[in-house]
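Next up, work10.cif (mmCIF, C-alpha atoms):
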```cif
data_input
#
loop_
_atom_site.label_atom_id
_atom_site.label_comp_id
_atom_site.auth_asym_id
_atom_site.auth_seq_id
_atom_site.Cartn_x
_atom_site.Cartn_y
_atom_site.Cartn_z
CA MET B 1 -4.83 -10.51 6.90
CA SER B 2 -1.79 -11.69 8.82
CA VAL B 3 -1.28 -15.38 9.50
CA PRO B 4 -1.41 -16.07 13.26
CA GLN B 5 1.63 -17.82 14.67
CA GLY B 6 2.26 -20.20 17.55
CA HIS B 7 -1.02 -22.07 17.27
CA GLN B 8 -1.45 -24.83 19.85
CA PRO B 9 -4.95 -26.24 19.27
CA SER B 10 -6.69 -28.48 21.75
CA LEU B 11 -7.68 -31.88 20.39
CA SER B 12 -10.78 -31.81 22.57
CA GLN B 13 -12.34 -28.91 20.70
CA PRO B 14 -12.60 -28.42 16.93
CA LYS B 15 -10.70 -25.38 15.74
CA VAL B 16 -10.76 -25.20 11.94
CA ILE B 17 -14.26 -25.29 10.44
CA VAL B 18 -14.59 -26.10 6.74
CA HIS B 19 -17.82 -24.84 5.21
CA HIS B 20 -18.17 -27.45 2.49
CA LEU B 21 -20.49 -27.22 -0.51
CA ASN B 22 -21.08 -30.34 -2.56
CA ASP B 23 -19.46 -30.46 -6.01
CA SER B 24 -17.37 -27.38 -5.34
CA ARG B 25 -13.80 -26.22 -4.94
CA SER B 26 -14.03 -26.99 -1.23
CA GLN B 27 -13.32 -30.63 -2.09
CA ARG B 28 -9.66 -29.70 -2.53
CA VAL B 29 -9.60 -28.31 1.02
CA LEU B 30 -10.97 -31.57 2.43
CA TRP B 31 -8.31 -33.54 0.58
CA LEU B 32 -5.64 -31.26 2.02
CA LEU B 33 -6.92 -31.69 5.57
CA VAL B 34 -7.41 -35.45 5.31
CA ARG B 35 -3.76 -36.42 5.07
CA SER B 36 -2.84 -39.81 3.62
CA ASP B 37 -0.33 -40.57 6.35
CA SER B 38 -2.43 -39.43 9.31
CA ARG B 39 -4.67 -41.39 11.64
CA PHE B 40 -8.10 -40.03 12.36
CA ILE B 41 -10.41 -40.01 15.34
CA PHE B 42 -13.95 -38.98 14.51
CA ARG B 43 -17.25 -38.57 16.19
CA ASP B 44 -20.63 -37.29 15.08
CA LEU B 45 -21.89 -33.93 16.18
CA MET B 46 -25.54 -33.05 15.65
CA GLU B 47 -25.28 -31.70 12.09
CA SER B 48 -21.59 -32.05 11.34
CA ARG B 49 -18.68 -34.40 11.77
CA VAL B 50 -15.43 -33.73 13.61
CA TYR B 51 -12.03 -35.19 12.78
CA SER B 52 -8.72 -34.91 14.58
CA GLN B 53 -5.39 -35.27 12.84
CA GLU B 54 -2.87 -36.75 15.25
CA GLU B 55 0.09 -35.95 13.03
CA LEU B 56 -0.73 -32.28 12.49
CA GLU B 57 -2.69 -31.90 15.70
CA VAL B 58 -5.29 -29.86 13.85
CA PRO B 59 -8.84 -30.71 14.87
CA TYR B 60 -11.40 -29.61 12.32
CA GLU B 61 -15.10 -29.70 11.71
CA ILE B 62 -16.96 -30.09 8.42
CA LYS B 63 -20.20 -28.19 7.98
CA ASN B 64 -21.98 -29.46 4.90
CA TYR B 65 -24.13 -27.35 2.59
CA SER B 66 -26.13 -28.59 -0.40
CA ARG B 67 -26.74 -26.79 -3.67
CA ASN B 68 -30.23 -25.59 -4.51
CA ALA B 69 -32.24 -26.93 -7.42
CA ASP B 70 -30.59 -24.30 -9.66
CA ARG B 71 -27.16 -25.59 -8.56
CA ARG B 72 -26.39 -22.41 -6.64
CA ALA B 73 -25.07 -22.27 -3.09
CA PRO B 74 -27.71 -21.96 -0.36
CA LYS B 75 -28.30 -18.60 1.29
CA GLU B 76 -26.98 -19.98 4.61
CA LEU B 77 -23.45 -19.49 3.29
CA LEU B 78 -24.08 -15.74 3.26
CA ASP B 79 -24.06 -15.92 7.03
CA VAL B 80 -20.46 -17.14 6.85
CA SER B 81 -19.01 -15.03 4.04
CA PRO B 82 -20.37 -11.92 2.28
CA LEU B 83 -20.26 -13.56 -1.16
CA GLY B 84 -21.94 -16.75 0.02
CA LYS B 85 -19.43 -18.98 -1.75
CA SER B 86 -17.57 -22.13 -0.76
CA PRO B 87 -14.98 -22.97 0.38
CA VAL B 88 -14.77 -20.86 3.47
CA ILE B 89 -12.90 -21.79 6.63
CA THR B 90 -12.98 -20.34 10.09
CA ASP B 91 -9.98 -20.80 12.33
CA GLY B 92 -10.47 -19.06 15.64
CA ASP B 93 -10.98 -15.40 14.80
CA VAL B 94 -9.90 -15.92 11.17
CA THR B 95 -12.54 -16.33 8.44
CA LEU B 96 -11.02 -16.98 5.05
CA ALA B 97 -12.54 -17.59 1.61
CA GLU B 98 -10.97 -18.38 -1.79
CA SER B 99 -9.57 -21.88 -2.06
CA GLY B 100 -6.11 -20.70 -3.15
CA ALA B 101 -5.79 -18.52 -0.09
CA ILE B 102 -7.14 -21.31 2.12
CA VAL B 103 -4.72 -23.92 0.77
CA THR B 104 -1.76 -21.58 1.19
CA TYR B 105 -2.88 -20.57 4.69
CA LEU B 106 -3.34 -24.14 5.92
CA ILE B 107 0.00 -25.31 4.54
CA GLU B 108 1.86 -22.31 5.97
CA ARG B 109 0.24 -22.65 9.37
CA TYR B 110 -0.10 -26.39 9.86
CA GLY B 111 2.01 -28.05 7.18
CA LYS B 112 5.16 -30.09 7.48
CA ASP B 113 8.35 -29.98 5.44
CA LYS B 114 6.94 -32.43 2.90
CA ASP B 115 4.10 -30.01 2.12
CA GLN B 116 6.65 -27.57 0.76
CA PRO B 117 7.93 -27.92 -2.82
CA PRO B 118 11.55 -28.85 -3.45
CA ALA B 119 13.81 -25.92 -4.22
CA SER B 120 13.74 -26.80 -7.91
CA GLY B 121 9.95 -26.70 -7.96
CA ARG B 122 9.12 -23.61 -5.93
CA LEU B 123 8.43 -21.43 -8.94
CA HIS B 124 6.27 -24.13 -10.51
CA ASP B 125 4.34 -24.52 -7.27
CA LEU B 126 3.75 -20.78 -7.10
CA TYR B 127 2.72 -20.57 -10.74
CA PHE B 128 0.25 -23.46 -10.84
CA THR B 129 -1.25 -22.53 -7.48
CA HIS B 130 -2.34 -19.22 -9.03
CA TYR B 131 -2.78 -20.44 -12.61
CA SER B 132 -5.51 -22.83 -11.46
CA GLU B 133 -7.98 -20.07 -10.59
CA GLY B 134 -6.40 -17.17 -12.45
CA SER B 135 -6.29 -18.66 -15.96
CA PHE B 136 -7.62 -22.20 -16.12
CA MET B 137 -10.88 -22.17 -14.13
CA PRO B 138 -12.27 -18.97 -15.70
CA LEU B 139 -12.10 -20.66 -19.10
CA LEU B 140 -13.98 -23.71 -17.83
CA VAL B 141 -16.59 -21.53 -16.12
CA GLN B 142 -17.13 -19.47 -19.29
CA LYS B 143 -17.73 -22.62 -21.29
CA LEU B 144 -20.14 -23.93 -18.68
CA ILE B 145 -22.11 -20.68 -18.63
CA LEU B 146 -22.37 -20.50 -22.42
CA THR B 147 -23.63 -24.07 -22.42
CA ILE B 148 -26.23 -23.45 -19.73
CA ILE B 149 -27.69 -20.22 -21.17
CA PRO B 150 -29.51 -21.91 -24.10
CA GLN B 151 -30.84 -24.58 -21.75
CA LYS B 152 -32.40 -21.92 -19.50
CA ALA B 153 -33.69 -19.67 -22.28
CA PRO B 154 -37.28 -19.68 -23.56
CA ILE B 155 -37.76 -22.34 -26.19
CA PHE B 156 -38.39 -19.85 -29.01
CA ILE B 157 -34.86 -18.41 -28.71
CA SER B 158 -32.97 -21.38 -27.25
CA PHE B 159 -32.17 -22.79 -30.69
CA LEU B 160 -30.73 -19.47 -31.88
CA LEU B 161 -28.70 -19.06 -28.69
CA ARG B 162 -27.39 -22.59 -29.00
CA MET B 163 -26.17 -21.85 -32.51
CA VAL B 164 -24.59 -18.50 -31.69
CA LEU B 165 -23.02 -19.41 -28.37
CA GLY B 166 -21.97 -22.77 -29.73
CA GLN B 167 -19.88 -20.94 -32.31
CA VAL B 168 -18.33 -18.77 -29.57
CA VAL B 169 -17.35 -21.92 -27.72
CA LYS B 170 -16.03 -23.57 -30.87
CA GLN B 171 -14.14 -20.58 -32.25
CA VAL B 172 -12.93 -18.90 -29.05
CA LEU B 173 -12.97 -21.13 -25.97
CA ASP B 174 -12.06 -24.53 -27.39
CA PRO B 175 -8.84 -23.28 -29.07
CA GLU B 176 -7.83 -21.73 -25.73
CA LEU B 177 -8.55 -24.99 -23.93
CA ARG B 178 -6.23 -26.79 -26.33
CA LYS B 179 -3.46 -24.34 -25.44
CA HIS B 180 -4.00 -25.09 -21.76
CA GLN B 181 -4.04 -28.81 -22.47
CA ALA B 182 -0.66 -28.52 -24.20
CA LEU B 183 0.80 -26.42 -21.36
CA ILE B 184 -0.29 -28.88 -18.69
CA GLU B 185 0.84 -31.93 -20.62
CA ASP B 186 4.23 -30.43 -21.31
CA HIS B 187 4.75 -29.50 -17.68
CA LEU B 188 3.67 -32.86 -16.23
CA ALA B 189 5.89 -34.65 -18.73
CA LYS B 190 8.82 -32.84 -17.12
CA SER B 191 7.74 -32.66 -13.47
CA GLY B 192 6.46 -36.22 -13.05
CA THR B 193 3.68 -37.15 -10.62
CA TRP B 194 3.23 -33.75 -8.96
CA PHE B 195 3.27 -30.23 -10.38
CA ALA B 196 6.22 -29.08 -8.24
CA GLY B 197 8.19 -32.19 -9.06
CA GLY B 198 8.55 -33.53 -5.53
CA GLU B 199 7.53 -36.79 -3.90
CA HIS B 200 4.41 -35.38 -2.23
CA PRO B 201 1.55 -33.13 -3.32
CA THR B 202 1.95 -29.42 -2.67
CA ALA B 203 -0.36 -26.42 -2.96
CA ALA B 204 -0.27 -26.55 -6.77
CA ASP B 205 -1.61 -30.11 -6.78
CA TYR B 206 -4.47 -29.38 -4.40
CA MET B 207 -5.39 -26.42 -6.60
CA MET B 208 -5.05 -28.16 -9.95
CA ALA B 209 -6.99 -31.25 -8.93
CA PHE B 210 -10.46 -29.65 -9.09
CA PRO B 211 -10.33 -28.14 -12.62
CA LEU B 212 -8.66 -31.24 -14.04
CA GLU B 213 -11.25 -33.49 -12.38
CA ALA B 214 -14.01 -31.36 -13.89
CA LEU B 215 -12.34 -31.54 -17.30
CA VAL B 216 -11.92 -35.31 -17.14
CA SER B 217 -15.57 -35.68 -16.12
CA GLU B 218 -17.18 -33.20 -18.50
CA GLU B 219 -14.74 -32.59 -21.37
CA PRO B 220 -12.47 -35.67 -21.57
CA HIS B 221 -11.44 -34.91 -25.17
CA PHE B 222 -9.47 -31.93 -23.79
CA VAL B 223 -7.52 -34.11 -21.36
CA GLY B 224 -4.10 -35.43 -22.27
CA PRO B 225 -2.60 -38.66 -20.91
CA LYS B 226 -0.40 -36.90 -18.34
CA ALA B 227 -3.32 -34.91 -16.94
CA LEU B 228 -5.46 -38.04 -16.83
CA ALA B 229 -2.71 -39.89 -14.98
CA PHE B 230 -2.52 -37.00 -12.50
CA VAL B 231 -6.26 -37.16 -11.79
CA ASN B 232 -6.16 -40.95 -11.46
CA ASN B 233 -3.24 -40.67 -9.06
CA VAL B 234 -5.06 -38.08 -6.94
CA GLN B 235 -8.29 -40.05 -6.80
CA SER B 236 -6.53 -43.30 -5.90
CA ARG B 237 -4.90 -41.86 -2.80
CA PRO B 238 -6.31 -43.11 0.54
CA ALA B 239 -6.57 -39.54 1.84
CA TYR B 240 -8.64 -38.50 -1.16
CA LYS B 241 -11.03 -41.40 -0.64
CA ARG B 242 -11.39 -40.51 3.02
CA ALA B 243 -12.14 -36.93 2.02
CA LEU B 244 -14.99 -38.25 -0.13
CA ASP B 245 -16.32 -40.23 2.82
CA ARG B 246 -16.30 -37.12 4.96
CA GLY B 247 -17.51 -34.60 2.43
CA GLY B 248 -20.27 -36.61 0.77
CA LYS B 249 -21.21 -37.13 -2.87
CA TYR B 250 -18.85 -35.52 -5.37
CA THR B 251 -19.84 -35.67 -9.03
CA TYR B 252 -16.33 -35.34 -10.44
CA ALA B 253 -14.90 -38.37 -8.63
CA LYS B 254 -15.02 -41.25 -11.11
CA LEU B 255 -13.86 -44.00 -8.78
#
```
Any chance you could give the structure as structure tokens?
Amino acid sequence: MSVPQGHQPSLSQPKVIVHHLNDSRSQRVLWLLVRSDSRFIFRDLMESRVYSQEELEVPYEIKNYSRNADRRAPKELLDVSPLGKSPVITDGDVTLAESGAIVTYLIERYGKDKDQPPASGRLHDLYFTHYSEGSFMPLLVQKLILTIIPQKAPIFISFLLRMVLGQVVKQVLDPELRKHQALIEDHLAKSGTWFAGGEHPTAADYMMAFPLEALVSEEPHFVGPKALAFVNNVQSRPAYKRALDRGGKYTYAKL
């Protein structure tokens, strides 16, 4: 997919639509769109809310979806994207899934100079933007799945599964998580507040926020002081708080 150029959106009509699922990766997209140094005009539309960013001149609409009782995305998302996952955005004739692709697309198309990493941090920005979903999140998802399986199993085998899968987590996944903890701590000790080392968040920060928030919330013993400071810094930003107001309840925000 090529990135369209020369976009001149009309503030009177929403252009970008964010299909937002509660407690999902789409929270990072809302934070990106709700800029801390922008002013917002908003009005209610029947089943969604519309916001206009005066600084970026990017009107956007949030369409909210709620997880089912089994914590899965509702089937309505299949009407938007073939995999039925969130986040998904539509921007004119562009429909785009995968939060990493979305974050990169929005920054390239609508971002300002400050959204770009400094020259010294470009490689770090590239790495952590892809590391977030390529290496870090799969580990967290594996641990979550292995924890859920015994809970969903029939009672006569749940105990056995808990023992066996618990050992897999303890012997395989937890040691890997400690490696990731060390990598992140070492990098943030050198880069400072943001992963690319600049004065403002870049793509890497929007991408790393979600897995680190989940880790702080669910597995705090795997979180080092630098990672915790990063999450606290993200969640204290006015833009982040406004994103919560617009997106609704978010389990991993411990404000």
Please give the centre and size of the box around region 233-245 of chain B (axis-aligned, containing every atom listed in the file, 8 Å added per side), with values in Å to one decimal and written as AutoDock Vina command-line options.
```
--center_x -9.8 --center_y -40.1 --center_z -3.0 --size_x 29.1 --size_y 22.4 --size_z 28.1
```
Set out as a Markdown table a contact list for region 96-209 of chain B and region 58-80 of chain B with a cut-off of 12 Å, giving each residue of region 96-209 of chain B that qualifies its closest atom pair and distance in Å to one decimal, counting all atoms listed in the file, ordered by chain and rising residue number.
```
| residue | atom | partner | partner_atom | distance |
| --- | --- | --- | --- | --- |
| B:Leu96 | CA | B:Val80 | CA | 9.6 |
| B:Ala97 | CA | B:Val80 | CA | 9.5 |
| B:Leu106 | CA | B:Val58 | CA | 10.0 |
| B:Ile107 | CA | B:Val58 | CA | 11.6 |
| B:Arg109 | CA | B:Val58 | CA | 10.1 |
| B:Tyr110 | CA | B:Val58 | CA | 7.4 |
| B:Gly111 | CA | B:Val58 | CA | 10.1 |
| B:Ile148 | CA | B:Asp70 | CA | 11.0 |
| B:Lys152 | CA | B:Asp70 | CA | 10.3 |
```
* **Coordinates-based distance that separates CA of Gly92 (chain B) from CA of Tyr105 (chain B) (Å, one decimal)** => 13.4 Å
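You will find CA of Val34 (chain B) at 5.4 Å from CA of Ala239 (chain B).
The smallest atom-to-atom distance between Pro211 (chain B) and any of B:Asp125, B:Glu133, B:Asp113, B:Asp91, using all atoms listed in the file, is found for B:Glu133.
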* Asked: the PyMOL selection byres ((chain B and resi 248) around 12) on the file shown: which residues, as a PyMOL selection string?
  -> chain B and resi 20-24+26-27+30+48-49+62-66+240-247+249-253
Any chance you can output those residues with C-alpha atoms as a PDB file, in the frame of the given file?
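In the end it all went to result.pdb:
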```
ATOM      1  CA  HIS B  20     -18.170 -27.450   2.490  1.00  0.00           C
ATOM      2  CA  LEU B  21     -20.490 -27.220  -0.510  1.00  0.00           C
ATOM      3  CA  ASN B  22     -21.080 -30.340  -2.560  1.00  0.00           C
ATOM      4  CA  ASP B  23     -19.460 -30.460  -6.010  1.00  0.00           C
ATOM      5  CA  SER B  24     -17.370 -27.380  -5.340  1.00  0.00           C
ATOM      6  CA  SER B  26     -14.030 -26.990  -1.230  1.00  0.00           C
ATOM      7  CA  GLN B  27     -13.320 -30.630  -2.090  1.00  0.00           C
ATOM      8  CA  LEU B  30     -10.970 -31.570   2.430  1.00  0.00           C
ATOM      9  CA  SER B  48     -21.590 -32.050  11.340  1.00  0.00           C
ATOM     10  CA  ARG B  49     -18.680 -34.400  11.770  1.00  0.00           C
ATOM     11  CA  ILE B  62     -16.960 -30.090   8.420  1.00  0.00           C
ATOM     12  CA  LYS B  63     -20.200 -28.190   7.980  1.00  0.00           C
ATOM     13  CA  ASN B  64     -21.980 -29.460   4.900  1.00  0.00           C
ATOM     14  CA  TYR B  65     -24.130 -27.350   2.590  1.00  0.00           C
ATOM     15  CA  SER B  66     -26.130 -28.590  -0.400  1.00  0.00           C
ATOM     16  CA  TYR B 240      -8.640 -38.500  -1.160  1.00  0.00           C
ATOM     17  CA  LYS B 241     -11.030 -41.400  -0.640  1.00  0.00           C
ATOM     18  CA  ARG B 242     -11.390 -40.510   3.020  1.00  0.00           C
ATOM     19  CA  ALA B 243     -12.140 -36.930   2.020  1.00  0.00           C
ATOM     20  CA  LEU B 244     -14.990 -38.250  -0.130  1.00  0.00           C
ATOM     21  CA  ASP B 245     -16.320 -40.230   2.820  1.00  0.00           C
ATOM     22  CA  ARG B 246     -16.300 -37.120   4.960  1.00  0.00           C
ATOM     23  CA  GLY B 247     -17.510 -34.600   2.430  1.00  0.00           C
ATOM     24  CA  LYS B 249     -21.210 -37.130  -2.870  1.00  0.00           C
ATOM     25  CA  TYR B 250     -18.850 -35.520  -5.370  1.00  0.00           C
ATOM     26  CA  THR B 251     -19.840 -35.670  -9.030  1.00  0.00           C
ATOM     27  CA  TYR B 252     -16.330 -35.340 -10.440  1.00  0.00           C
ATOM     28  CA  ALA B 253     -14.900 -38.370  -8.630  1.00  0.00           C
TER      29      ALA B 253
END
```
* **Interatomic distance (Å, one decimal) between CA of Leu165 (chain B) and CA of Ile149 (chain B)** => 8.6 Å
